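Coordinates from upload.tsv are shown below (TSV, C-alpha atoms).
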```tsv
chain	number	residue	atom	x	y	z
Y	15	MET	CA	96.98	87.88	84.62
Y	16	PHE	CA	99.37	85.17	85.75
Y	17	HIS	CA	100.93	82.68	83.41
Y	18	SER	CA	102.27	80.41	86.09
Y	19	VAL	CA	101.58	77.21	84.24
Y	20	ASP	CA	103.73	78.00	81.22
Y	21	ASN	CA	107.02	77.67	82.94
Y	22	ALA	CA	107.84	76.20	86.27
Y	23	ARG	CA	111.35	77.57	86.67
Y	24	PHE	CA	110.52	81.10	87.64
Y	25	GLY	CA	107.03	80.05	88.50
Y	26	ASP	CA	104.66	82.83	89.28
Y	27	ARG	CA	104.89	86.56	89.00
Y	28	GLN	CA	105.66	86.95	92.67
Y	29	THR	CA	108.88	85.00	92.22
Y	30	TRP	CA	110.16	87.04	89.33
Y	31	ILE	CA	109.14	90.38	90.81
Y	32	LYS	CA	111.20	89.42	93.83
Y	33	ILE	CA	114.18	88.70	91.60
Y	34	LEU	CA	113.70	91.88	89.56
Y	35	ALA	CA	113.47	93.97	92.71
Y	36	ARG	CA	116.95	92.88	93.69
Y	37	ALA	CA	118.50	92.85	90.22
Y	38	PRO	CA	121.49	95.17	89.83
Y	39	GLU	CA	121.16	98.02	87.38
Y	40	HIS	CA	123.74	96.85	84.85
Y	41	MET	CA	122.13	93.41	84.51
Y	42	LEU	CA	118.71	94.97	83.86
Y	43	GLU	CA	120.23	97.33	81.32
Y	44	SER	CA	122.08	94.68	79.35
Y	45	ALA	CA	119.09	92.32	79.24
Y	46	LEU	CA	116.56	94.96	78.21
Y	47	ALA	CA	118.91	96.16	75.48
Y	48	LEU	CA	118.07	92.90	73.68
Y	49	VAL	CA	114.42	93.87	73.40
Y	50	PRO	CA	113.27	96.45	70.84
Y	51	ALA	CA	112.26	99.73	72.44
Y	52	GLN	CA	108.75	99.49	73.87
Y	53	SER	CA	106.33	102.36	73.91
Y	54	ARG	CA	104.91	102.62	77.37
Y	55	THR	CA	102.28	104.54	79.28
Y	56	TRP	CA	102.85	105.48	82.87
Y	57	LEU	CA	100.14	104.30	85.18
Y	58	ARG	CA	102.21	105.57	88.05
Y	59	ARG	CA	105.40	107.48	87.47
Y	60	PRO	CA	108.40	106.44	89.57
Y	61	GLU	CA	108.02	107.83	93.06
Y	62	THR	CA	110.21	107.42	96.10
Y	63	GLY	CA	108.93	107.04	99.61
Y	64	LEU	CA	109.55	105.39	102.92
Y	65	PHE	CA	108.33	102.01	104.05
Y	66	MET	CA	108.32	100.98	107.67
Y	67	VAL	CA	109.93	97.58	107.94
Y	68	GLN	CA	108.63	95.33	110.66
Y	69	GLY	CA	110.32	92.21	111.85
Y	70	ARG	CA	110.05	89.66	114.61
Y	71	VAL	CA	113.38	90.75	116.00
Y	72	GLY	CA	112.61	90.62	119.69
Y	73	GLY	CA	112.91	87.56	121.86
Y	74	THR	CA	109.17	87.19	122.22
Y	75	GLY	CA	108.31	86.93	118.53
Y	76	ASN	CA	106.18	90.04	118.35
Y	77	ARG	CA	106.36	92.37	115.37
Y	78	PHE	CA	108.58	95.32	115.93
Y	79	ASN	CA	109.40	98.37	113.84
Y	80	VAL	CA	112.94	97.72	112.69
Y	81	GLY	CA	113.29	100.93	110.73
Y	82	GLU	CA	112.32	102.74	107.58
Y	83	MET	CA	113.69	101.97	104.18
Y	84	THR	CA	113.59	103.97	100.97
Y	85	VAL	CA	111.45	102.38	98.29
Y	86	THR	CA	110.84	103.49	94.72
Y	87	ARG	CA	107.82	102.19	92.89
Y	88	CYS	CA	106.24	102.62	89.50
Y	89	ALA	CA	103.69	101.02	87.20
Y	90	LEU	CA	103.58	101.17	83.43
Y	91	ARG	CA	101.62	99.68	80.58
Y	92	LEU	CA	102.95	98.47	77.26
Y	93	ALA	CA	101.28	99.16	73.93
Y	94	CYS	CA	99.83	95.63	73.99
Y	95	GLY	CA	98.02	96.42	77.25
Y	96	THR	CA	100.21	94.42	79.60
Y	97	ALA	CA	100.96	96.20	82.84
Y	98	GLY	CA	104.16	95.90	84.80
Y	99	VAL	CA	104.95	97.06	88.31
Y	100	ALA	CA	108.10	97.42	90.34
Y	101	TYR	CA	108.95	98.11	93.94
Y	102	ILE	CA	112.66	98.42	94.51
Y	103	GLN	CA	114.85	99.44	97.38
Y	104	GLY	CA	116.58	102.78	96.96
Y	105	ARG	CA	115.94	105.88	94.94
Y	106	SER	CA	116.84	104.86	91.40
Y	107	HIS	CA	113.93	105.75	89.16
Y	108	HIS	CA	115.76	104.27	86.22
Y	109	ARG	CA	116.12	100.89	87.89
Y	110	ALA	CA	112.47	100.89	88.96
Y	111	GLU	CA	111.40	101.65	85.41
Y	112	MET	CA	113.51	98.83	84.00
Y	113	ALA	CA	112.22	96.37	86.59
Y	114	ALA	CA	108.63	97.30	85.76
Y	115	LEU	CA	109.34	96.97	82.06
Y	116	ALA	CA	110.87	93.53	82.61
Y	117	ASP	CA	107.84	92.52	84.67
Y	118	ALA	CA	105.53	93.54	81.84
Y	119	LEU	CA	107.62	91.75	79.22
Y	120	LEU	CA	107.65	88.59	81.30
Y	121	GLN	CA	103.87	88.50	81.02
Y	122	THR	CA	104.00	88.49	77.24
Y	123	ASP	CA	104.47	85.21	75.45
Y	124	GLN	CA	106.72	86.89	72.93
Y	125	TYR	CA	109.45	88.11	75.26
Y	126	ARG	CA	109.10	85.85	78.24
Y	127	PRO	CA	111.68	83.21	77.14
Y	128	LEU	CA	114.20	85.88	76.22
Y	129	ILE	CA	113.89	87.78	79.50
Y	130	GLU	CA	114.04	84.57	81.47
Y	131	THR	CA	117.30	83.42	79.95
Y	132	ALA	CA	118.89	86.84	79.59
Y	133	LEU	CA	117.79	88.32	82.90
Y	134	LEU	CA	116.15	86.07	85.47
Y	135	GLU	CA	118.68	83.24	85.20
Y	136	PRO	CA	121.81	85.34	85.56
Y	137	VAL	CA	120.28	87.53	88.25
Y	138	SER	CA	119.02	84.65	90.35
Y	139	GLY	CA	122.46	83.03	89.98
Y	140	TYR	CA	124.08	86.27	91.08
Y	141	LEU	CA	121.72	86.64	94.04
Y	142	ASN	CA	122.26	83.04	95.13
Y	143	GLU	CA	125.99	83.56	94.94
Y	144	LYS	CA	125.67	86.73	97.02
Y	145	THR	CA	123.61	84.92	99.64
Y	146	ARG	CA	126.13	82.09	99.79
Y	147	ASP	CA	128.97	84.61	100.13
Y	148	GLN	CA	127.26	86.29	103.04
Y	149	ALA	CA	126.52	82.95	104.65
Y	150	ARG	CA	130.20	81.94	104.24
Y	151	LYS	CA	131.39	85.17	105.82
Y	152	ALA	CA	128.97	84.80	108.69
Y	153	GLN	CA	129.92	81.16	109.13
Y	154	SER	CA	133.61	81.99	109.46
Y	155	THR	CA	132.97	84.18	112.48
Y	156	ARG	CA	130.45	81.87	114.10
Y	157	VAL	CA	130.81	81.33	117.81
Y	158	ASP	CA	129.07	78.48	119.55
Y	159	PHE	CA	128.01	79.51	122.99
Y	160	PHE	CA	127.55	76.82	125.55
Y	161	THR	CA	126.75	76.90	129.19
Y	162	VAL	CA	128.54	74.83	131.74
Y	163	ALA	CA	125.95	73.22	133.91
Y	164	ARG	CA	126.57	74.05	137.50
Y	165	GLU	CA	127.27	71.16	139.75
Y	166	ALA	CA	124.97	70.28	142.53
Y	167	GLY	CA	125.54	72.26	145.68
Y	168	ASP	CA	125.78	75.74	144.13
Y	169	PRO	CA	127.87	77.85	146.54
Y	170	ASP	CA	125.72	80.97	145.92
Y	171	ALA	CA	122.54	79.13	146.59
Y	172	GLU	CA	123.99	77.75	149.79
Y	173	GLU	CA	125.06	81.19	150.93
Y	174	GLU	CA	121.58	82.52	150.37
Y	175	GLY	CA	120.04	79.62	152.15
Y	176	ALA	CA	122.38	80.03	155.10
Z	20	MET	CA	85.45	96.86	102.58
Z	21	THR	CA	84.65	96.94	98.91
Z	22	ALA	CA	88.31	97.28	97.98
Z	23	PRO	CA	89.29	94.47	95.65
Z	24	SER	CA	92.39	92.84	97.03
Z	25	LEU	CA	93.87	92.04	93.64
Z	26	VAL	CA	93.38	94.35	90.73
Z	27	ASP	CA	94.26	93.63	87.16
Z	28	LEU	CA	96.38	96.66	86.41
Z	29	SER	CA	95.93	96.33	82.68
Z	30	SER	CA	92.32	97.43	83.18
Z	31	ILE	CA	93.38	100.61	84.97
Z	32	GLY	CA	93.86	103.77	82.96
Z	33	ARG	CA	96.40	106.51	83.24
Z	34	GLY	CA	95.97	109.15	85.91
Z	35	PHE	CA	97.33	112.68	85.76
Z	36	GLU	CA	100.25	113.03	83.38
Z	37	ASP	CA	101.95	115.46	85.73
Z	38	LEU	CA	100.72	114.63	89.20
Z	39	ALA	CA	101.54	117.98	90.81
Z	40	LEU	CA	100.60	120.44	88.07
Z	41	ASP	CA	97.54	118.65	86.73
Z	42	SER	CA	96.00	118.06	90.13
Z	43	GLN	CA	96.64	121.72	90.99
Z	44	ALA	CA	94.91	122.79	87.78
Z	45	VAL	CA	91.86	120.67	88.60
Z	46	PHE	CA	91.91	121.89	92.19
Z	47	ARG	CA	91.83	125.44	90.85
Z	48	GLN	CA	88.75	124.59	88.77
Z	49	VAL	CA	87.02	123.11	91.80
Z	50	LEU	CA	87.91	126.20	93.81
Z	51	SER	CA	86.50	128.45	91.07
Z	52	ALA	CA	83.39	126.31	90.91
Z	53	PHE	CA	82.79	126.68	94.65
Z	54	SER	CA	83.52	130.40	94.51
Z	55	LYS	CA	80.95	130.91	91.80
Z	56	PRO	CA	78.16	128.41	92.38
Z	57	GLY	CA	76.19	127.62	89.27
Z	58	GLU	CA	78.98	128.66	86.91
Z	59	ILE	CA	80.15	125.78	84.78
Z	60	GLN	CA	83.89	125.08	84.75
Z	61	LEU	CA	85.84	122.95	82.32
Z	62	ALA	CA	88.06	120.26	83.77
Z	63	ALA	CA	90.42	119.80	80.86
Z	64	THR	CA	92.59	116.79	81.49
Z	65	ASP	CA	93.95	113.95	79.42
Z	66	ILE	CA	93.41	111.23	81.99
Z	67	GLU	CA	92.07	107.85	80.92
Z	68	SER	CA	89.05	107.68	83.15
Z	69	PRO	CA	87.62	104.22	83.71
Z	70	GLU	CA	84.50	103.07	81.95
Z	71	GLY	CA	81.40	104.59	83.51
Z	72	LEU	CA	83.25	107.42	85.18
Z	73	HIS	CA	83.32	110.73	83.32
Z	74	PRO	CA	86.65	112.56	82.91
Z	75	ALA	CA	85.55	115.50	85.06
Z	76	ALA	CA	84.36	113.31	87.93
Z	77	ALA	CA	87.54	111.25	87.74
Z	78	ALA	CA	89.73	114.37	87.63
Z	79	VAL	CA	88.00	115.98	90.60
Z	80	LEU	CA	88.37	112.84	92.69
Z	81	LEU	CA	91.98	112.27	91.64
Z	82	ALA	CA	92.76	115.82	92.72
Z	83	LEU	CA	90.89	115.74	96.03
Z	84	LEU	CA	91.33	112.21	97.35
Z	85	ASP	CA	94.31	110.96	99.27
Z	86	GLN	CA	95.10	108.09	101.60
Z	87	ASP	CA	93.27	109.73	104.52
Z	88	THR	CA	89.95	110.25	102.78
Z	89	ARG	CA	87.10	107.77	102.79
Z	90	LEU	CA	85.14	107.41	99.59
Z	91	TRP	CA	81.72	105.85	99.23
Z	92	LEU	CA	80.69	104.69	95.77
Z	93	SER	CA	77.07	104.31	94.82
Z	94	PRO	CA	75.99	100.94	93.39
Z	95	ALA	CA	76.32	102.32	89.85
Z	96	PHE	CA	80.07	102.67	90.38
Z	97	THR	CA	80.91	99.67	92.53
Z	98	ARG	CA	80.19	97.40	89.58
Z	99	GLY	CA	82.98	98.84	87.43
Z	100	VAL	CA	86.66	99.48	87.92
Z	101	ALA	CA	86.11	103.08	89.13
Z	102	GLY	CA	86.88	102.09	92.73
Z	103	ALA	CA	90.03	100.23	91.78
Z	104	TYR	CA	91.12	103.12	89.56
Z	105	LEU	CA	90.66	105.75	92.25
Z	106	ARG	CA	92.24	103.58	94.87
Z	107	PHE	CA	95.26	102.81	92.73
Z	108	HIS	CA	95.92	106.44	91.90
Z	109	THR	CA	95.08	108.10	95.20
Z	110	GLY	CA	95.30	105.40	97.86
Z	111	CYS	CA	91.91	106.48	99.20
Z	112	ILE	CA	89.90	104.30	101.55
Z	113	LEU	CA	86.78	102.77	100.04
Z	114	THR	CA	83.99	102.47	102.55
Z	115	ASP	CA	80.68	100.61	102.57
Z	116	ASN	CA	79.07	103.12	104.85
Z	117	PRO	CA	77.92	106.39	103.24
Z	118	GLN	CA	77.57	108.05	106.67
Z	119	ALA	CA	81.29	107.59	107.29
Z	120	ALA	CA	82.45	108.89	103.93
Z	121	ASP	CA	84.32	112.14	103.31
Z	122	PHE	CA	83.53	111.89	99.62
Z	123	VAL	CA	80.51	110.37	97.95
Z	124	LEU	CA	80.33	109.51	94.28
Z	125	ALA	CA	76.86	108.83	92.94
Z	126	ARG	CA	74.51	109.12	90.01
Z	127	PRO	CA	71.29	111.13	90.37
Z	128	ASP	CA	69.21	107.95	90.62
Z	129	ASP	CA	71.20	106.34	93.43
Z	130	LEU	CA	72.09	109.44	95.40
Z	131	PRO	CA	71.80	108.75	99.14
Z	132	ARG	CA	69.69	111.07	101.25
Z	133	LEU	CA	71.93	114.12	101.75
Z	134	SER	CA	70.93	114.83	105.34
Z	135	GLU	CA	72.01	111.33	106.33
Z	136	LEU	CA	75.56	111.84	105.12
Z	137	SER	CA	78.33	113.22	107.26
Z	138	LEU	CA	77.36	116.86	107.92
Z	139	GLY	CA	80.39	117.75	110.01
Z	140	SER	CA	80.09	119.14	113.51
Z	141	GLU	CA	79.30	122.62	114.80
Z	142	GLU	CA	82.96	123.07	115.66
Z	143	TYR	CA	84.26	121.54	112.43
Z	144	PRO	CA	81.61	121.98	109.75
Z	145	GLU	CA	84.26	121.45	107.07
Z	146	ARG	CA	84.55	117.81	108.06
Z	147	SER	CA	81.36	117.08	106.19
Z	148	ALA	CA	80.95	115.00	103.08
Z	149	THR	CA	81.57	116.35	99.59
Z	150	VAL	CA	79.20	114.75	97.14
Z	151	VAL	CA	80.21	114.29	93.52
Z	152	VAL	CA	77.17	113.63	91.36
Z	153	GLN	CA	77.87	112.46	87.85
Z	154	VAL	CA	75.11	113.51	85.49
Z	155	ASP	CA	74.61	113.15	81.76
Z	156	ASP	CA	74.27	116.82	81.08
Z	157	LEU	CA	74.36	120.15	82.84
Z	158	ASN	CA	73.74	123.60	81.48
Z	159	ASN	CA	72.68	127.09	82.48
Z	160	LYS	CA	69.50	127.11	80.41
Z	161	ASP	CA	66.62	127.69	82.81
Z	162	GLY	CA	66.22	124.94	85.42
Z	163	TRP	CA	66.76	125.85	89.08
Z	164	ARG	CA	67.24	129.44	90.15
Z	165	LEU	CA	70.30	129.68	92.35
Z	166	SER	CA	71.15	132.52	94.69
Z	167	GLY	CA	73.49	133.10	97.58
Z	168	PRO	CA	77.14	133.96	98.22
Z	169	GLY	CA	79.24	133.99	95.06
Z	170	ILE	CA	76.26	134.53	92.79
Z	171	ASP	CA	75.61	137.95	91.32
Z	172	GLY	CA	71.86	138.15	91.68
Z	173	GLN	CA	70.68	134.89	90.30
Z	174	ALA	CA	72.03	131.97	88.27
Z	175	ASN	CA	70.27	129.21	86.42
Z	176	LEU	CA	71.30	125.62	86.61
Z	177	ASN	CA	69.78	122.68	84.84
Z	178	VAL	CA	71.05	119.27	85.91
Z	179	ALA	CA	69.95	116.29	83.83
Z	180	GLY	CA	68.44	113.54	85.95
Z	181	LEU	CA	67.60	115.78	88.91
Z	182	ASP	CA	64.27	117.56	88.79
Z	183	ASP	CA	62.53	119.83	91.26
Z	184	SER	CA	61.88	116.91	93.61
Z	185	PHE	CA	65.55	117.18	94.58
Z	186	LEU	CA	65.09	120.68	96.01
Z	187	PRO	CA	63.37	119.62	99.28
Z	188	VAL	CA	66.20	117.10	99.80
Z	189	TRP	CA	68.74	119.86	99.26
Z	190	ARG	CA	66.92	122.23	101.64
Z	191	GLU	CA	66.68	119.52	104.26
Z	192	SER	CA	70.47	119.12	104.19
Z	193	GLN	CA	70.83	122.88	104.77
Z	194	LEU	CA	68.66	122.99	107.89
Z	195	HIS	CA	71.60	122.50	110.23
Z	196	PHE	CA	73.82	125.20	108.75
Z	197	PRO	CA	76.81	125.59	109.14
Z	198	ARG	CA	76.66	121.83	109.08
Z	199	GLY	CA	75.77	120.40	105.69
Z	200	VAL	CA	77.16	118.88	102.52
Z	201	ASP	CA	78.64	120.42	99.40
Z	202	LEU	CA	77.73	119.20	95.94
Z	203	ILE	CA	79.76	118.97	92.78
Z	204	PHE	CA	77.86	118.05	89.65
Z	205	THR	CA	80.00	116.68	86.84
Z	206	GLY	CA	78.95	116.01	83.29
Z	207	ALA	CA	81.47	114.76	80.73
Z	208	ASP	CA	84.35	117.25	81.08
Z	209	ARG	CA	82.36	119.94	82.89
Z	210	LEU	CA	81.70	120.61	86.52
Z	211	VAL	CA	79.62	122.93	88.59
Z	212	ALA	CA	79.46	123.28	92.35
Z	213	MET	CA	76.61	123.91	94.76
Z	214	PRO	CA	77.99	124.62	98.22
Z	215	ARG	CA	75.77	124.47	101.29
Z	216	THR	CA	75.28	128.25	101.17
Z	217	THR	CA	73.50	128.16	97.83
Z	218	ARG	CA	69.74	128.48	97.81
Z	219	ALA	CA	68.00	126.67	94.99
Z	220	GLU	CA	64.43	127.28	93.89
Z	221	ALA	CA	62.31	125.80	91.19
```
Once more with this new file: its structure as structure tokens, please.
Amino acid sequence: MFHSVDNARFGDRQTWIKILARAPEHMLESALALVPAQSRTWLRRPETGLFMVQGRVGGTGNRFNVGEMTVTRCALRLACGTAGVAYIQGRSHHRAEMAALADALLQTDQYRPLIETALLEPVSGYLNEKTRDQARKAQSTRVDFFTVAREAGDPDAEEEGA
Amino acid sequence: MTAPSLVDLSSIGRGFEDLALDSQAVFRQVLSAFSKPGEIQLAATDIESPEGLHPAAAAVLLALLDQDTRLWLSPAFTRGVAGAYLRFHTGCILTDNPQAADFVLARPDDLPRLSELSLGSEEYPERSATVVVQVDDLNNKDGWRLSGPGIDGQANLNVAGLDDSFLPVWRESQLHFPRGVDLIFTGADRLVAMPRTTRAEA
């Protein structure tokens, strides 16, 4: 099922599914336009639902329900038998379908190099750039909090003790 | 749990083409089957049922299972991809314990003892197990004589693989009426139901 040894750049399927899930629609469209139309069978038609997102957002490190997000998923199978799946944020059935198609194509020896160079590389570059942008913006508003250590002989403490 | 954690999707066939309409059509067939015990219904679907699982059995389970139902598979089915197929398409819970199952899928030769399955409670008899038995052939030529609600007089049912020795087992499961189990026999693309109200004689 996995062809992780063939190519180390985008490693295993988990890595590229993660990239595909975040790929913008126009990048998926332009890359898949390079591939001849594939006949496909739906294993699971695109369907939209809610996922509860949990995160360790509290101070104590326990899991906590952050909120629900909309997720669209689908699974399809190409004529050659390769299956592709996609879970994407949002409600775009079209984008989920393209992501699943790209996932399936990436598992075929024939189209893997093409999809890697035409899709995964630009998208991962775009995503890295976006992350860096966000980090830059956050950095520019960073505030370093520091606490002035109280000197010995705290007046409040003395009052209480008195 | 028997649920495989990682399933090769390329081995899983297509489910209902139109999830809403096709499952409603199959549900209607199941409803008709339970309304008229002993009368054979056709479950016409174009699903790609997994190897070892007949189209009618697969269609019935696809229509009835959801993420809240527990399904027990007999040993004949745990070997194949039937469990993975049903779980992928319905999200059902696969259980190792037949007593805890809402649905049971079995062949005649590895059918668990019916009275040991979930029979529901006096207050909620409908919470009992529904047993889908996949058989090689079923027809209305002689065989058991069925009578009871939904049957005009008498009906004949012949189920391949289950002979008259099944009848005491069936009667035993009916002793605690209204508690009891309901049976669906499926063969290829056909199905027939035997609810707990149906009396069967040799």
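Using only C-alpha atoms, the protein and nucleic acid residues lying no more than 8 Å from Y:Ala114, apart from those fewer than 2 places from it along its own chain, are Cys88, Ala89, Leu90, Gly98, Val99, Ala100, Ala110, Glu111, Met112, Ala116, Asp117 and Ala118 of chain Y.
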Chain Y contacts to chain Z at 9 Å (all atoms listed in the file) as a PDB file with C-alpha atoms, in the frame of the given file:
```
ATOM      1  CA  MET Y  15      96.980  87.880  84.620  1.00  0.00           C
ATOM      2  CA  THR Y  55     102.280 104.540  79.280  1.00  0.00           C
ATOM      3  CA  TRP Y  56     102.850 105.480  82.870  1.00  0.00           C
ATOM      4  CA  LEU Y  57     100.140 104.300  85.180  1.00  0.00           C
ATOM      5  CA  ARG Y  58     102.210 105.570  88.050  1.00  0.00           C
ATOM      6  CA  ARG Y  59     105.400 107.480  87.470  1.00  0.00           C
ATOM      7  CA  ALA Y  89     103.690 101.020  87.200  1.00  0.00           C
ATOM      8  CA  LEU Y  90     103.580 101.170  83.430  1.00  0.00           C
ATOM      9  CA  ARG Y  91     101.620  99.680  80.580  1.00  0.00           C
ATOM     10  CA  GLY Y  95      98.020  96.420  77.250  1.00  0.00           C
ATOM     11  CA  THR Y  96     100.210  94.420  79.600  1.00  0.00           C
ATOM     12  CA  ALA Y  97     100.960  96.200  82.840  1.00  0.00           C
ATOM     13  CA  GLY Y  98     104.160  95.900  84.800  1.00  0.00           C
ATOM     14  CA  VAL Y  99     104.950  97.060  88.310  1.00  0.00           C
TER      15      VAL Y  99
END
```
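The space separating atom CA of Y:Lys151 from atom CA of Y:Phe65 comes to 28.6 Å.
As for atom CA of Y:Ala47 and atom CA of Y:Ile129, they are spaced 10.6 Å apart.
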Centre and size of axis-aligned box enclosing stretch 87-101 of chain Y plus 6 Å each side, as JSON:
```
{"center_x": 103.5, "center_y": 98.5, "center_z": 83.9, "size_x": 22.9, "size_y": 20.2, "size_z": 32.0}
```
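Taking atom CA of Z:Gly199 and atom CA of Z:Ala148 as endpoints, the distance between them is 7.9 Å.
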